[in-house]
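Report on the structure given below.
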Amino acid sequence: MNFNSQLLMELVNTYGPAGNERLIREYIIGQIKDYVDEIHIDELGNLIARKKGNGKKIMIAAHMDQIGLMVTHIDDKGFLRFTNVGGISPYITLSQQVQFENGTIGIISAEPIDNIAKLKLSNMFIDIGANNKEEAEEKISIGDICVYRSQYNENDNVVFTGSLDDRIGCYVAIETIKQIKEPTNDLYFVFTVQEEVGLRGAKTSAYRIDPDIGIAIDVTGSGDTPKAKTFAVGLNKGTAIKVKDNSIITHPKLRQIMIDVAEKNDIPYQLEVLEYGGTDSGAIHLTKSGVPTGAISIPTRYIHSTVEMVSKSDVQNSIKLLTKVLELQFDF
Amino acid sequence: MLLKRLTEAAGVSGNEKEVRDIIIEEIKDHVDELIVDRLGNVIAYKKGKEDSKKLMITAHMDEVGLMITDIDNEGLLKFTTVGGIDKRILVSKPVLIGKNKILGVIGAKPIHLQKREEWQRALNIDQLYIDIGAKNKEEAERLVNIGDYVSFDSQYIEFGDDLIKAKALDNRVGCSLLIELIKETKDIGFYGVFTVMEEIGLVGAGPAAYRVDPDISIILEGTLCYELPNMDEHLVPTSLNKGPAISIMDRTTLYDREFRDRIKKIAEKNNIPYQYRKTSMGGNDSGRIHTTKEGSITTAISVPCRNIHSPTSVMSKKDYKNTYNLLMAILSEYKKGEL
């Protein structure tokens with residue numbers, strides 16, 4: 001299984017902020033439609049792809065939305081004001097290029113401030129090079145969302161680009177779909193919407209599927225950069241099996257099964273105890289009468305920036321682990 | 001007048017009975033089904049000629065207020081807030097306590113006795129008390145109980161250029177609109193839902209949506225309005241007299257874009273002024289409704305209210321009328337199966 005750079009590059013470069021996932025959804029459908037038995041799109045826009053099998057009903061969730069900026073105001077000179085969609089840092093946002101769904105590109109700047117520590121999104125604006133309000137309104141409406149533009153780069157070890165959160169999870173899910181020929185279990189791969197604003201898509205899609213087991217595929221942080229906060233997850237040390245984050249303590253039996261599978265198949269892994277953040281697993285495990293749920297994480301540096309970084313071997317190991325886990329026969 | 005009766009009724013979160021009774025009395029002869037669910041939500045259904053998509057229109061009945069936590073030896077009452085209240089608005093306000101609506105005033109240390117540094121910041125809730133004029137603890141205990149709800153004592157008054165001052169415009173204005181829709185429409189099938197406990201965390205809306213399981217919902221609200229002469233335009237969330245405010249995003253929902261555009265077009269077609277609610281702060285029942293069960297489409301349409309969550313909220317009758325007109329136009333599109 002080679003690293004599919006082309007697929008990942010297209011995934012991260014396809015527009016799809018929370019609340020407006022149409023383009024990324026269409027792209028993913030194009031990639032998976034020949035490998036799945038059923039495709040359903042629900043009211044919120046979740047993409048639910050089923051690979052039929054006779055075993056347990058397993059929901060595998062990777063969120064396809066990305067963070068973005070929503071336009072709230074267009075001034076007389078054609079400058080756009082905005083609010084954040086998901087976790088956006090003003091410092092990272094300053095001087096970025098952004099792109100709208102219709103291809104319009106803008107750059108982000110700020111009103112003059114004496115102290116950079118006072119930088120706030122409400123003091124910043126998007127300049128799309130329009131001469132006045134009317135010209136801006138031909139291209140942009142209030143409520144439109146833009147995303148950071150970034151360049152895809154990789155070397156032998158790592159990929160660095162924006163939107164790896166969570167297009168890398170989508171990548172793992174898509175490659176796993178292609179690996180599995182004869183599913184042991186009844187697999188529902190869900191490319192969820194609106195994770196970045198509160199796990200909203202996972203909540204409604206899990207309700208529909210009512211799975212026996214849930215597995216989220218998402219990025220996690222890393223503790224291996226200079227003076228990073230203590231966190232025993234690093235790049236190139238294997239796929240990460242989640243123990244907890246702020247949304248879930250993973251199901252102990254399912255977690256142990258994942259560990260056993262990794263050990264048995266010589267798949268490098270690390271255990272993730274994350275003290276902040278959440279994943280779709282948090283919404284899935286509380287669905288209906290409760291769902292045993294775990295998560296496979298891809299260690300990632302510089303999350304929510306335009307230069308997020310993952311290790312290619314960690315990604316490959318995540319696919320291996322997920323594929324092997326899905327082949328098991330479960331007794332719960 | 002309906003909005004006067006609604007705003008002068010007491011209905012702090014969890015204690016909506018007075019408001020609910022008015023609503024039921026108003027709508028009972030105009031609906032085909034009416035239930036009060038186990039949390040106290042009013043769920044009414046009006047049959048239509050044919051129902052394509054299941055439409056739910058909601059407004060929360062509750063308002064922010066206070067609750068008595070203790071009675072001290074002098075007969076003064078300590079209290080806590082129910083819902084989001086700015087402590088700076090509390091001092092010297094008249095309030096009504098409990099079922100018997102005992103009059104009290106919120107007291108504090110006089111300015112003469114405050115230290116200079118105390119002038120610089122708002123008094124904390126624990127430095128305030130409610131005085132009901134009781135001689136002592138025993139007398140106070142005969143009149144009020146710990147756990148009693150407290151609502152602001154504020155009359156509905158019309159003033160200025162078609163403006164209204166009242167308490168609880170958030171969200172009796174939504175209740176009033178929904179009551180009028182229920183009474184005035186014919187042959188349009190929809191659920192009219194009046195929810196409880198929105199102000200303390202969207203509590204009633206989830207169970208109501210679970211029962212109704214709507215395809216589309218319209219959430220009616222009174223929303224924040226704040227405009228000062230020197231404010232940057234982009235920081236003004238909504239303005240008075242610019243029509244109903246359509247939400248784009250808040251802390252609880254990213255509103256469906258296609259549905260929002262549809263409503264915008266309906267407003268334009270009917271020459272009804274509208275504005276966008278230009279802030280992502282705050283939230284409403286949509287947050288629970290759109291993620292219930294398999295998920296559904298929502299929009300929030302609000303009447304701008306200055307001094308929201310205070311005894312002296314202010315709204316415009318023109319905005320009310322335009323919001324009503326927009327809702328009627330939406331329902332007429334819905335009737336044609338074009339929503």
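Here's how to read the names in the structure tokens: chain A, B, ... by the order shown, residue numbers from 1 in each chain, ligand numbers from 1 in the order shown.
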- Got a sec: who's within 7 Å of Thr14 in chain A, counting only C-alpha atoms, leaving out chain neighbours fewer than 2 positions off, as a VMD selection string? chain A and resid 10 to 12 16 23 to 24
For those residues, write N, CA and C atoms to a file as a compact mmCIF listing (two decimals), in the first residue's frame.
# COMPACT_ATOMS: atom_id res chain seq x y z
N GLU A 10 -5.62 16.34 -2.92
CA GLU A 10 -6.95 16.77 -3.37
C GLU A 10 -7.91 16.93 -2.19
N LEU A 11 -7.80 16.05 -1.21
CA LEU A 11 -8.67 16.16 -0.03
C LEU A 11 -8.44 17.47 0.71
N VAL A 12 -7.17 17.82 0.94
CA VAL A 12 -6.92 19.05 1.72
C VAL A 12 -7.19 20.31 0.91
N GLY A 16 -14.50 22.97 2.08
CA GLY A 16 -15.57 22.32 2.85
C GLY A 16 -15.58 22.71 4.32
N LEU A 23 -18.95 20.59 -1.50
CA LEU A 23 -17.88 20.26 -2.45
C LEU A 23 -17.02 19.09 -1.98
N ILE A 24 -16.66 19.11 -0.69
CA ILE A 24 -15.83 18.00 -0.20
C ILE A 24 -16.63 16.71 -0.20
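Distance criterion 7 Å to chain B, applied with only C-alpha atoms, yields Gly19, Glu43, Leu44, Thr72, His73, Arg81, Thr83, Gly143, Arg200, Lys203, Thr204, Ser205, Tyr207 and Arg208 of chain A on chain A.
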- Message: Using DSSP assignments from the backbone, pull out every residue in range 176-218 of chain B that falls under alpha helix (DSSP H) and give it to me as number ranges by chain.
- Response: B: 176-184, 205-212
With C-alpha atoms retained, write the just-selected residues as a PDB file, in the first residue's frame.
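Below you can see again-v5.pdb, which holds the result:
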ATOM      1  CA  SER B 176     -47.166  36.523  20.503  1.00  0.00           C
ATOM      2  CA  LEU B 177     -46.141  36.047  16.863  1.00  0.00           C
ATOM      3  CA  LEU B 178     -46.722  32.313  17.059  1.00  0.00           C
ATOM      4  CA  ILE B 179     -50.143  32.745  18.693  1.00  0.00           C
ATOM      5  CA  GLU B 180     -51.145  35.131  15.915  1.00  0.00           C
ATOM      6  CA  LEU B 181     -49.920  32.724  13.232  1.00  0.00           C
ATOM      7  CA  ILE B 182     -51.933  29.909  14.768  1.00  0.00           C
ATOM      8  CA  LYS B 183     -55.055  32.066  14.907  1.00  0.00           C
ATOM      9  CA  GLU B 184     -54.765  33.702  11.497  1.00  0.00           C
ATOM     10  CA  ALA B 205     -36.673  22.186  22.889  1.00  0.00           C
ATOM     11  CA  GLY B 206     -34.889  18.824  22.628  1.00  0.00           C
ATOM     12  CA  PRO B 207     -37.716  16.704  24.048  1.00  0.00           C
ATOM     13  CA  ALA B 208     -40.287  18.726  22.039  1.00  0.00           C
ATOM     14  CA  ALA B 209     -38.383  18.173  18.793  1.00  0.00           C
ATOM     15  CA  TYR B 210     -37.946  14.504  19.679  1.00  0.00           C
ATOM     16  CA  ARG B 211     -41.718  14.142  19.885  1.00  0.00           C
ATOM     17  CA  VAL B 212     -42.585  16.195  16.788  1.00  0.00           C
TER      18      VAL B 212
END
- If you run DSSP on this backbone, which residues of range 162-295 of chain A come out as strand (DSSP E or B), and could you give them as a PyMOL selection string? chain A and resi 186-192+213-220+239-244+249+269-273+293-295
Take the residues that were just selected and, keeping N, CA and C atoms, output them as a short mmCIF file (atom, residue, chain, number, x, y, z; two decimals), in the first residue's frame.
data_model
loop_
_atom_site.label_atom_id
_atom_site.label_comp_id
_atom_site.auth_asym_id
_atom_site.auth_seq_id
_atom_site.Cartn_x
_atom_site.Cartn_y
_atom_site.Cartn_z
N ASP A 186 -20.84 -5.22 9.35
CA ASP A 186 -21.67 -4.32 8.55
C ASP A 186 -21.13 -2.90 8.77
N LEU A 187 -20.42 -2.40 7.78
CA LEU A 187 -19.63 -1.18 8.00
C LEU A 187 -20.33 0.07 7.47
N TYR A 188 -20.44 1.06 8.34
CA TYR A 188 -20.98 2.37 7.95
C TYR A 188 -19.86 3.40 8.08
N PHE A 189 -19.29 3.77 6.96
CA PHE A 189 -18.28 4.83 6.98
C PHE A 189 -19.01 6.17 6.86
N VAL A 190 -18.83 7.01 7.86
CA VAL A 190 -19.55 8.28 7.86
C VAL A 190 -18.54 9.43 7.78
N PHE A 191 -18.70 10.25 6.76
CA PHE A 191 -17.91 11.46 6.64
C PHE A 191 -18.79 12.56 7.20
N THR A 192 -18.51 12.96 8.44
CA THR A 192 -19.45 13.78 9.18
C THR A 192 -19.27 15.27 8.90
N ILE A 213 -21.01 -0.60 17.48
CA ILE A 213 -19.66 -0.15 17.84
C ILE A 213 -19.38 1.15 17.07
N GLY A 214 -18.69 2.09 17.71
CA GLY A 214 -18.28 3.31 17.02
C GLY A 214 -16.78 3.49 17.06
N ILE A 215 -16.23 3.99 15.96
CA ILE A 215 -14.80 4.31 15.92
C ILE A 215 -14.64 5.66 15.21
N ALA A 216 -14.06 6.63 15.88
CA ALA A 216 -13.78 7.91 15.24
C ALA A 216 -12.34 7.93 14.76
N ILE A 217 -12.12 8.57 13.62
CA ILE A 217 -10.76 8.73 13.08
C ILE A 217 -10.50 10.23 13.01
N ASP A 218 -9.57 10.70 13.81
CA ASP A 218 -9.34 12.15 13.83
C ASP A 218 -7.89 12.43 14.20
N VAL A 219 -7.51 13.68 14.09
CA VAL A 219 -6.15 14.06 14.49
C VAL A 219 -6.10 14.20 16.01
N THR A 220 -4.91 14.08 16.56
CA THR A 220 -4.69 14.47 17.95
C THR A 220 -3.44 15.35 17.97
N THR A 239 0.46 4.78 15.10
CA THR A 239 -0.91 5.26 15.20
C THR A 239 -1.25 5.43 16.67
N ALA A 240 -2.18 6.33 16.98
CA ALA A 240 -2.52 6.57 18.39
C ALA A 240 -3.88 5.98 18.72
N ILE A 241 -3.91 5.14 19.75
CA ILE A 241 -5.18 4.57 20.23
C ILE A 241 -5.64 5.44 21.39
N LYS A 242 -6.81 6.05 21.21
CA LYS A 242 -7.27 7.02 22.21
C LYS A 242 -7.73 6.34 23.50
N VAL A 243 -7.27 6.88 24.63
CA VAL A 243 -7.77 6.46 25.94
C VAL A 243 -8.84 7.45 26.39
N LYS A 244 -8.51 8.74 26.29
CA LYS A 244 -9.52 9.75 26.63
C LYS A 244 -9.22 11.09 25.98
N ILE A 249 -14.24 8.89 27.44
CA ILE A 249 -13.26 7.88 27.87
C ILE A 249 -13.61 6.67 27.03
N TYR A 269 2.14 1.52 17.71
CA TYR A 269 1.03 2.33 18.22
C TYR A 269 1.48 3.06 19.48
N GLN A 270 0.75 4.07 19.84
CA GLN A 270 0.98 4.78 21.08
C GLN A 270 -0.39 5.04 21.72
N LEU A 271 -0.41 5.19 23.05
CA LEU A 271 -1.68 5.44 23.73
C LEU A 271 -1.84 6.94 23.94
N GLU A 272 -3.05 7.41 23.69
CA GLU A 272 -3.30 8.84 23.71
C GLU A 272 -4.19 9.21 24.89
N VAL A 273 -3.64 9.98 25.81
CA VAL A 273 -4.45 10.54 26.90
C VAL A 273 -4.45 12.05 26.69
N THR A 293 -17.48 2.80 22.10
CA THR A 293 -16.82 3.62 21.09
C THR A 293 -15.36 3.84 21.43
N GLY A 294 -14.55 3.82 20.39
CA GLY A 294 -13.12 4.12 20.54
C GLY A 294 -12.71 5.11 19.47
N ALA A 295 -11.41 5.41 19.43
CA ALA A 295 -10.93 6.33 18.40
C ALA A 295 -9.49 6.01 18.04
#
- Query: Between CA of Ser313 in chain A and CA of Asn153 in chain A, what is the distance, to one decimal in Å?
  - Reply: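 Spanning CA of Ser313 in chain A to CA of Asn153 in chain A is a straight-line distance of 15.7 Å.
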- Contacts of range 159-170 of chain B at 7 Å (only C-alpha atoms; same-chain gap of 2+ positions) as a list in words: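 Within the cut-off, the hits are Thr7, Glu63, Phe152, Ser154, Gln155, Tyr156, Ile157, Arg172, Val173, Glu221, Gly222, Thr223, Ile308, His309, Ser310, Pro311, Thr312, Ser313, Val314, Met315, Ser316, Lys317 and Lys318 of chain B.
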Written selection (C-alpha atoms) as a compact mmCIF listing (two decimals), in the first residue's frame:
# COMPACT_ATOMS: atom_id res chain seq x y z
CA THR B 7 -45.00 40.30 29.01
CA GLU B 63 -37.80 34.57 30.69
CA PHE B 152 -39.04 41.92 37.32
CA SER B 154 -42.24 46.16 34.78
CA GLN B 155 -45.25 47.46 32.93
CA TYR B 156 -45.83 47.16 29.22
CA ILE B 157 -45.73 50.72 27.86
CA ARG B 172 -42.94 36.82 24.64
CA VAL B 173 -42.60 38.58 21.31
CA GLU B 221 -37.03 34.93 19.05
CA GLY B 222 -36.43 38.31 20.52
CA THR B 223 -32.76 38.93 19.91
CA ILE B 308 -32.56 42.43 26.31
CA HIS B 309 -32.66 40.39 29.54
CA SER B 310 -33.57 43.49 31.52
CA PRO B 311 -36.83 44.91 32.94
CA THR B 312 -36.80 47.61 30.28
CA SER B 313 -36.41 45.83 26.96
CA VAL B 314 -37.40 47.89 23.96
CA MET B 315 -38.70 46.78 20.58
CA SER B 316 -40.36 48.35 17.58
CA LYS B 317 -43.93 47.64 16.51
CA LYS B 318 -42.80 48.09 12.93
- Task: Quote the spacing between CA of Gly55 in chain A and CA of Gln329 in chain A in Å to one decimal place.
- Result: 6.9 Å
- Item | For Val36 in chain B: contacts at 12 Å, only C-alpha atoms, fewer than 6 positions along chain excluded, given as number ranges by chain | B: 16-17, 20-21, 23-24, 28, 42-45, 192-196, 204, 207-208, 211
Just the selected residues (C-alpha atoms), exported as a compact mmCIF listing (two decimals), in the first residue's frame, please.
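See again-v7.txt below for the written result:
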# COMPACT_ATOMS: atom_id res chain seq x y z
CA GLU B 16 -43.88 28.97 32.87
CA LYS B 17 -47.43 28.13 34.00
CA ARG B 20 -48.64 28.72 29.28
CA ASP B 21 -52.18 29.29 30.55
CA ILE B 23 -51.20 30.73 25.41
CA ILE B 24 -53.52 27.75 25.76
CA LYS B 28 -57.16 26.19 22.02
CA VAL B 42 -47.03 23.30 24.73
CA ILE B 43 -47.26 21.32 21.51
CA ALA B 44 -50.12 22.34 19.23
CA TYR B 45 -50.94 20.97 15.81
CA GLY B 192 -46.76 25.38 16.96
CA VAL B 193 -44.50 24.64 19.90
CA PHE B 194 -44.00 26.83 22.97
CA THR B 195 -40.95 25.59 24.86
CA VAL B 196 -39.83 25.78 28.46
CA GLY B 204 -37.41 22.04 26.61
CA PRO B 207 -37.72 16.70 24.05
CA ALA B 208 -40.29 18.73 22.04
CA ARG B 211 -41.72 14.14 19.89
- Item | Asn325 in chain B environment, 12 Å, only C-alpha atoms, sequence neighbours closer than 3 positions dropped, as a ChimeraX atom specification | /B:177,180-181,184,243-244,266-274,301,318-322,328-332
- Would you kindly return, as a PyMOL selection string, each protein, DNA or RNA residue with an atom no farther than 12 Å from any atom of range 111-115 of chain A, considering only C-alpha atoms and excluding same-chain residues fewer than 3 positions away? (chain A and resi 79+81+94+108+118-127) or (chain B and resi 232)
